[in-house]
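With mmCIF, C-alpha atoms inside, this is target-v8.cif:
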```cif
data_entry
loop_
_atom_site.label_atom_id
_atom_site.label_comp_id
_atom_site.auth_asym_id
_atom_site.auth_seq_id
_atom_site.Cartn_x
_atom_site.Cartn_y
_atom_site.Cartn_z
CA MET A 1 50.41 40.76 21.43
CA GLU A 2 50.87 37.96 18.98
CA VAL A 3 49.21 34.77 17.87
CA GLU A 4 51.48 32.17 16.35
CA ARG A 5 50.60 29.03 14.42
CA GLU A 6 52.73 26.51 12.59
CA ILE A 7 51.93 23.59 10.31
CA VAL A 8 53.99 21.29 8.11
CA VAL A 9 52.48 20.45 4.73
CA PRO A 10 53.76 17.81 2.29
CA GLU A 11 54.05 20.28 -0.61
CA THR A 12 57.24 22.11 -1.62
CA PRO A 13 57.86 25.78 -0.70
CA ASP A 14 57.16 26.92 -4.27
CA GLU A 15 53.78 25.17 -4.24
CA VAL A 16 52.91 26.78 -0.91
CA TRP A 17 54.16 30.16 -2.11
CA GLU A 18 51.74 29.97 -5.02
CA ALA A 19 48.85 29.32 -2.62
CA LEU A 20 49.96 32.39 -0.63
CA THR A 21 50.39 34.85 -3.46
CA VAL A 22 48.08 33.96 -6.35
CA PRO A 23 44.64 35.54 -5.72
CA GLU A 24 42.70 32.59 -7.16
CA ARG A 25 44.58 30.25 -4.84
CA LEU A 26 44.04 32.52 -1.83
CA GLU A 27 40.32 32.37 -2.59
CA GLU A 28 40.50 28.63 -1.88
CA TRP A 29 41.56 29.10 1.72
CA PHE A 30 41.94 32.64 2.95
CA ALA A 31 39.00 34.72 1.78
CA THR A 32 36.06 34.56 -0.60
CA GLU A 33 37.35 37.27 -2.92
CA VAL A 34 40.99 38.31 -3.14
CA GLU A 35 42.82 41.07 -4.96
CA LEU A 36 46.57 41.02 -4.41
CA ASP A 37 49.49 42.74 -6.05
CA ALA A 38 52.18 40.37 -4.82
CA SER A 39 55.09 42.80 -4.85
CA PRO A 40 56.59 45.11 -2.21
CA ASP A 41 54.11 47.92 -1.39
CA GLY A 42 51.48 46.08 -3.41
CA ASP A 43 47.84 46.47 -2.34
CA ALA A 44 45.63 43.66 -1.16
CA VAL A 45 41.88 43.47 -0.62
CA PHE A 46 40.22 40.50 1.05
CA ARG A 47 36.46 40.03 1.14
CA TRP A 48 34.52 37.39 2.97
CA GLY A 49 31.08 35.96 2.42
CA ASP A 50 29.71 37.70 5.50
CA GLY A 51 30.43 41.12 3.96
CA ASP A 52 33.68 41.64 5.85
CA GLU A 53 36.43 43.42 3.96
CA ARG A 54 40.03 44.00 5.00
CA ARG A 55 42.71 45.88 3.14
CA ALA A 56 46.43 45.43 3.48
CA VAL A 57 49.76 46.43 1.98
CA VAL A 58 52.61 44.04 1.22
CA ARG A 59 55.41 45.22 3.49
CA GLU A 60 57.92 42.46 2.75
CA LEU A 61 58.14 39.75 0.16
CA GLU A 62 60.89 37.21 -0.25
CA GLU A 63 59.95 34.64 -2.83
CA GLU A 64 59.14 31.24 -1.31
CA GLU A 65 60.33 32.41 2.12
CA ARG A 66 58.53 35.31 3.69
CA LEU A 67 55.44 37.43 3.18
CA VAL A 68 54.47 40.30 5.47
CA LEU A 69 51.15 42.12 5.21
CA ASP A 70 50.27 45.26 7.14
CA TRP A 71 46.54 45.57 7.74
CA ASP A 72 45.24 49.06 7.12
CA ASP A 73 43.26 48.86 10.36
CA GLY A 74 46.45 48.07 12.32
CA GLY A 75 48.39 44.92 13.04
CA SER A 76 50.22 42.67 10.64
CA VAL A 77 50.62 39.10 9.46
CA VAL A 78 53.96 37.41 8.84
CA VAL A 79 53.98 34.13 6.92
CA GLU A 80 57.27 32.28 6.71
CA LEU A 81 58.06 29.15 4.72
CA GLU A 82 60.92 26.82 5.40
CA PRO A 83 61.81 23.45 3.88
CA ALA A 84 61.07 20.76 6.44
CA ASP A 85 61.32 17.01 6.59
CA GLY A 86 58.90 15.78 3.97
CA GLY A 87 57.55 19.17 2.97
CA THR A 88 57.32 22.77 4.06
CA ARG A 89 56.93 24.38 7.46
CA VAL A 90 54.40 27.22 7.34
CA ARG A 91 54.67 29.64 10.24
CA VAL A 92 52.13 32.41 10.75
CA VAL A 93 52.44 35.24 13.25
CA GLU A 94 49.61 37.77 13.50
CA SER A 95 50.29 40.84 15.64
CA SER A 96 47.55 42.89 17.19
CA PRO A 97 47.35 46.61 16.48
CA ASP A 98 49.43 48.85 18.79
CA PHE A 99 51.42 45.96 20.11
CA GLY A 100 54.08 47.41 22.32
CA THR A 101 55.31 45.28 25.15
CA ALA A 102 55.56 41.57 24.66
CA LEU A 103 54.28 39.41 27.44
CA GLU A 104 54.50 35.69 27.51
CA LEU A 105 51.02 34.21 27.49
CA ARG A 106 51.95 32.02 30.43
CA ALA A 107 52.51 35.13 32.50
CA LEU A 108 48.78 35.71 32.20
CA GLY A 109 48.12 32.36 33.80
CA PRO A 110 48.10 33.11 37.52
CA VAL A 111 46.38 36.48 37.16
CA TRP A 112 43.79 35.14 34.80
CA THR A 113 42.99 32.25 37.11
CA ALA A 114 42.80 34.56 40.07
CA THR A 115 40.47 37.08 38.42
CA ALA A 116 38.28 34.43 36.83
CA ALA A 117 37.77 32.65 40.14
CA MET B 1 38.89 48.19 18.06
CA ASP B 2 39.33 50.96 20.59
CA SER B 3 40.24 48.41 23.25
CA ASP B 4 43.62 47.68 21.69
CA GLY B 5 45.45 50.59 23.27
CA GLY B 6 44.08 49.42 26.58
CA VAL B 7 45.16 45.87 25.98
CA ASP B 8 48.63 47.14 25.17
CA ARG B 9 48.83 49.03 28.47
CA VAL B 10 47.58 45.97 30.31
CA PHE B 11 50.38 43.86 28.92
CA ALA B 12 52.97 46.51 29.72
CA ALA B 13 51.64 46.79 33.26
CA LEU B 14 51.71 43.03 33.72
CA GLY B 15 55.22 42.71 32.31
CA ASP B 16 56.58 43.19 35.81
CA PRO B 17 56.36 40.20 38.20
CA GLY B 18 55.90 42.48 41.22
CA ARG B 19 52.89 44.14 39.65
CA ARG B 20 51.44 40.78 38.61
CA SER B 21 51.68 39.56 42.18
CA LEU B 22 49.90 42.73 43.38
CA VAL B 23 47.01 42.09 40.98
CA GLU B 24 46.79 38.55 42.30
CA ALA B 25 46.82 39.77 45.90
CA VAL B 26 44.08 42.30 45.22
CA ALA B 27 42.01 39.66 43.40
CA LYS B 28 42.41 37.29 46.34
CA ARG B 29 41.22 39.87 48.88
CA GLY B 30 38.48 41.38 46.74
CA THR B 31 39.61 44.88 47.63
CA ALA B 32 42.84 46.11 49.17
CA THR B 33 44.75 49.26 50.08
CA ALA B 34 48.45 49.99 49.68
CA THR B 35 48.88 49.75 53.46
CA GLU B 36 47.32 46.28 53.62
CA LEU B 37 49.38 44.98 50.73
CA ALA B 38 52.63 46.53 52.00
CA ALA B 39 52.13 44.80 55.35
CA GLU B 40 52.60 41.40 53.76
CA ARG B 41 55.58 42.17 51.54
CA PRO B 42 59.08 43.52 51.97
CA ILE B 43 58.49 46.84 50.20
CA THR B 44 57.32 50.22 51.42
CA ARG B 45 53.74 51.44 51.33
CA GLN B 46 54.86 54.21 48.96
CA ALA B 47 56.32 51.68 46.52
CA VAL B 48 53.14 49.59 46.62
CA ALA B 49 50.98 52.71 46.17
CA LYS B 50 52.99 53.70 43.10
CA GLN B 51 52.56 50.25 41.52
CA LEU B 52 48.84 50.17 42.33
CA SER B 53 48.37 53.53 40.71
CA ALA B 54 50.19 52.31 37.56
CA LEU B 55 47.91 49.26 37.48
CA ALA B 56 44.84 51.46 37.86
CA GLU B 57 46.06 53.65 35.00
CA ALA B 58 46.36 50.55 32.82
CA GLY B 59 42.74 49.73 33.64
CA LEU B 60 43.56 46.57 35.58
CA LEU B 61 42.46 47.92 38.95
CA ARG B 62 39.70 50.29 39.88
CA ALA B 63 40.50 52.86 42.56
CA THR B 64 38.01 54.26 45.06
CA ARG B 65 38.78 56.74 47.83
CA SER B 66 38.10 55.38 51.28
CA GLY B 67 38.88 57.94 53.98
CA ARG B 68 42.55 58.82 53.67
CA GLU B 69 43.32 55.66 51.72
CA THR B 70 42.61 54.46 48.23
CA ARG B 71 41.02 51.04 47.89
CA TYR B 72 41.61 48.96 44.81
CA GLU B 73 39.68 46.15 43.19
CA VAL B 74 40.38 44.10 40.07
CA THR B 75 38.69 44.95 36.80
CA PRO B 76 39.13 41.89 34.62
CA ALA B 77 37.65 43.43 31.46
CA PRO B 78 40.94 44.45 29.79
CA LEU B 79 42.31 40.95 30.29
CA GLU B 80 39.18 39.49 28.77
CA ASP B 81 39.79 41.68 25.70
CA ALA B 82 43.35 40.39 25.40
CA VAL B 83 42.39 36.77 25.83
CA GLU B 84 39.45 37.18 23.46
CA TRP B 85 41.70 38.63 20.76
CA MET B 86 44.13 35.72 21.09
CA VAL B 87 41.39 33.13 21.06
CA SER B 88 39.48 34.54 18.07
CA VAL B 89 42.54 35.31 15.93
CA GLY B 90 44.05 31.93 16.82
CA ALA B 91 40.85 30.11 15.89
CA ALA B 92 40.67 31.99 12.57
CA TRP B 93 44.20 30.86 11.70
CA ASP B 94 43.49 27.27 12.71
CA GLU B 95 40.62 27.24 10.22
CA ARG B 96 42.56 29.00 7.47
CA LEU B 97 45.58 26.73 7.79
CA ALA B 98 43.36 23.65 7.66
CA ALA B 99 41.80 25.10 4.48
CA LEU B 100 45.28 25.87 3.11
CA ARG B 101 46.28 22.26 3.69
CA ARG B 102 43.21 21.06 1.76
CA SER B 103 43.75 23.57 -1.01
CA LEU B 104 47.38 22.49 -1.42
CA ALA B 105 46.41 18.82 -1.56
CA GLN B 106 43.80 19.55 -4.22
CA GLY B 107 46.16 21.78 -6.21
CA LYS B 108 48.70 19.03 -6.34
CA SER B 109 46.20 16.40 -7.42
CA ARG B 110 44.88 18.75 -10.12
CA SER B 111 48.23 19.44 -11.70
CA THR B 112 50.57 16.50 -11.26
CA ARG B 113 49.08 13.56 -9.45
CA GLN B 114 46.12 11.30 -9.29
CA PRO B 115 43.76 12.41 -6.53
CA PRO B 116 44.77 10.39 -3.48
CA ASP B 117 41.24 9.71 -2.33
CA GLU B 118 39.42 9.10 -5.59
CA SER B 119 39.76 5.98 -7.63
CA ARG B 120 39.45 6.40 -11.34
CA SER B 121 39.27 3.53 -13.75
#
```

Please lay out the structure from this file as structure tokens.
Amino acid sequence: MEVEREIVVPETPDEVWEALTVPERLEEWFATEVELDASPDGDAVFRWGDGDERRAVVRELEEEERLVLDWDDGGSVVVELEPADGGTRVRVVESSPDFGTALELRALGPVWTATAA
Amino acid sequence: MDSDGGVDRVFAALGDPGRRSLVEAVAKRGTATATELAAERPITRQAVAKQLSALAEAGLLRATRSGRETRYEVTPAPLEDAVEWMVSVGAAWDERLAALRRSLAQGKSRSTRQPPDESRS
């Protein structure tokens, strides 16, 4: 199962890449406290104000293009950057742990409606 | 989360349109048996029974013996888990990406540009 989000920001891919890979920058938007070794197999620790902590490993890293983190509790996050009209397209896909068979969300529609009724 | 394996099975089970339509039919009736469901579709009772049993294994239907037949009813909990995961993870990313946008705008104004929304004389 996946969640996908996409935004276009006015900054260039290298500016966005910095916000994705420099711990101090990540602390401005992703978590309260960040440790990140931004290289393949590098370790990452994210802490939030509510005491939450998640650890991850950098599975893939292509400068200014693609960053993949594997959470140590399962699942992964893929962030992809792409030059877009007037800036950079940022695409995020988070996969749930043990995701096997893909199912279009719309396929849930009829069943969900039926069971919720 | 120990529900994730279950969610995974739910999605696999629902990947088939025939099985989805069986879940809908059971939900509509409240409870149903393979015989009842086979009567209204062009497949055998055995085929329906096999699908129902797969759906029960995935946790989507609950089976109870009723005489010689097995009755099924819908258990929506696994679907709620799946939907809840999507909603909460999606909402978290909406917030983070909005914060990323702000952080980028501030970073830019710090290093190279005048802040767009502050006038300095």

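If you measure from each of A:Asp85, A:Val45, A:Val77, A:Leu61 to chain B using only C-alpha atoms, the closest one turns out to be A:Val77.
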
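Between Phe30 of chain A and the candidates A:Val78, A:Glu62, A:Phe46, A:Val93, the tightest atom-to-atom separation, counting all atoms listed in the file, involves A:Phe46.
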
To test the calculation: enclose all listed atoms of segment 54-64 of chain A in a box whose edges run along x, y and z, add 6 Å on each side, then state centre and edge lengths in Å to one decimal, as JSON.
```
{"center_x": 50.5, "center_y": 38.8, "center_z": 1.1, "size_x": 32.9, "size_y": 27.2, "size_z": 19.8}
```

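Shell of Ser96 of chain A at 7 Å, with only C-alpha atoms counted and residues fewer than 6 places along the chain excluded, is Met1, Glu2 and Gly75 of chain A.
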
Generate a file of the selected residues that holds C-alpha atoms, formatted as an mmCIF file, in the frame of the given file.
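After the write, again-v2.cif holds the following:
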```
data_model
loop_
_atom_site.group_PDB
_atom_site.id
_atom_site.type_symbol
_atom_site.label_atom_id
_atom_site.label_comp_id
_atom_site.auth_asym_id
_atom_site.auth_seq_id
_atom_site.Cartn_x
_atom_site.Cartn_y
_atom_site.Cartn_z
ATOM 1 C CA MET A 1 50.410 40.760 21.430
ATOM 2 C CA GLU A 2 50.870 37.960 18.980
ATOM 3 C CA GLY A 75 48.390 44.920 13.040
#
```

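Across B:Ala47, B:Leu104, B:Ala82, B:Val74, the tightest approach to Ala32 of chain B is made by B:Val74 when counting only C-alpha atoms.
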
- Selection dump of the PyMOL selection byres ((chain A and resi 12) around 10), as a ChimeraX atom specification: /A:9-11,13-17,64,81-84,86-89 /B:104

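When atom CA of Glu95 of chain B is paired with atom CA of Val79 of chain A, their separation reads 15.4 Å.
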
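Those residues returned by the PyMOL selection byres ((chain A and resi 37) around 9) for this file are Thr21, Val22, Pro23, Glu35, Leu36, Ala38, Ser39, Pro40, Asp41, Gly42, Asp43, Ala44, Val57 and Val58 of chain A.
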
- Pull out every residue that the PyMOL selection byres ((chain B and resi 27-31) around 8) matches in the shown coordinates and put them as a PyMOL selection string. (chain A and resi 114-115) or (chain B and resi 23-26+32-33+71-74)

Selected residues written out, C-alpha atoms, as a CSV table (one decimal), keeping the file's coordinate frame:
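Result saved to out13.csv:
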```
chain,number,residue,atom,x,y,z
A,114,ALA,CA,42.8,34.6,40.1
A,115,THR,CA,40.5,37.1,38.4
B,23,VAL,CA,47.0,42.1,41.0
B,24,GLU,CA,46.8,38.6,42.3
B,25,ALA,CA,46.8,39.8,45.9
B,26,VAL,CA,44.1,42.3,45.2
B,32,ALA,CA,42.8,46.1,49.2
B,33,THR,CA,44.8,49.3,50.1
B,71,ARG,CA,41.0,51.0,47.9
B,72,TYR,CA,41.6,49.0,44.8
B,73,GLU,CA,39.7,46.2,43.2
B,74,VAL,CA,40.4,44.1,40.1
```
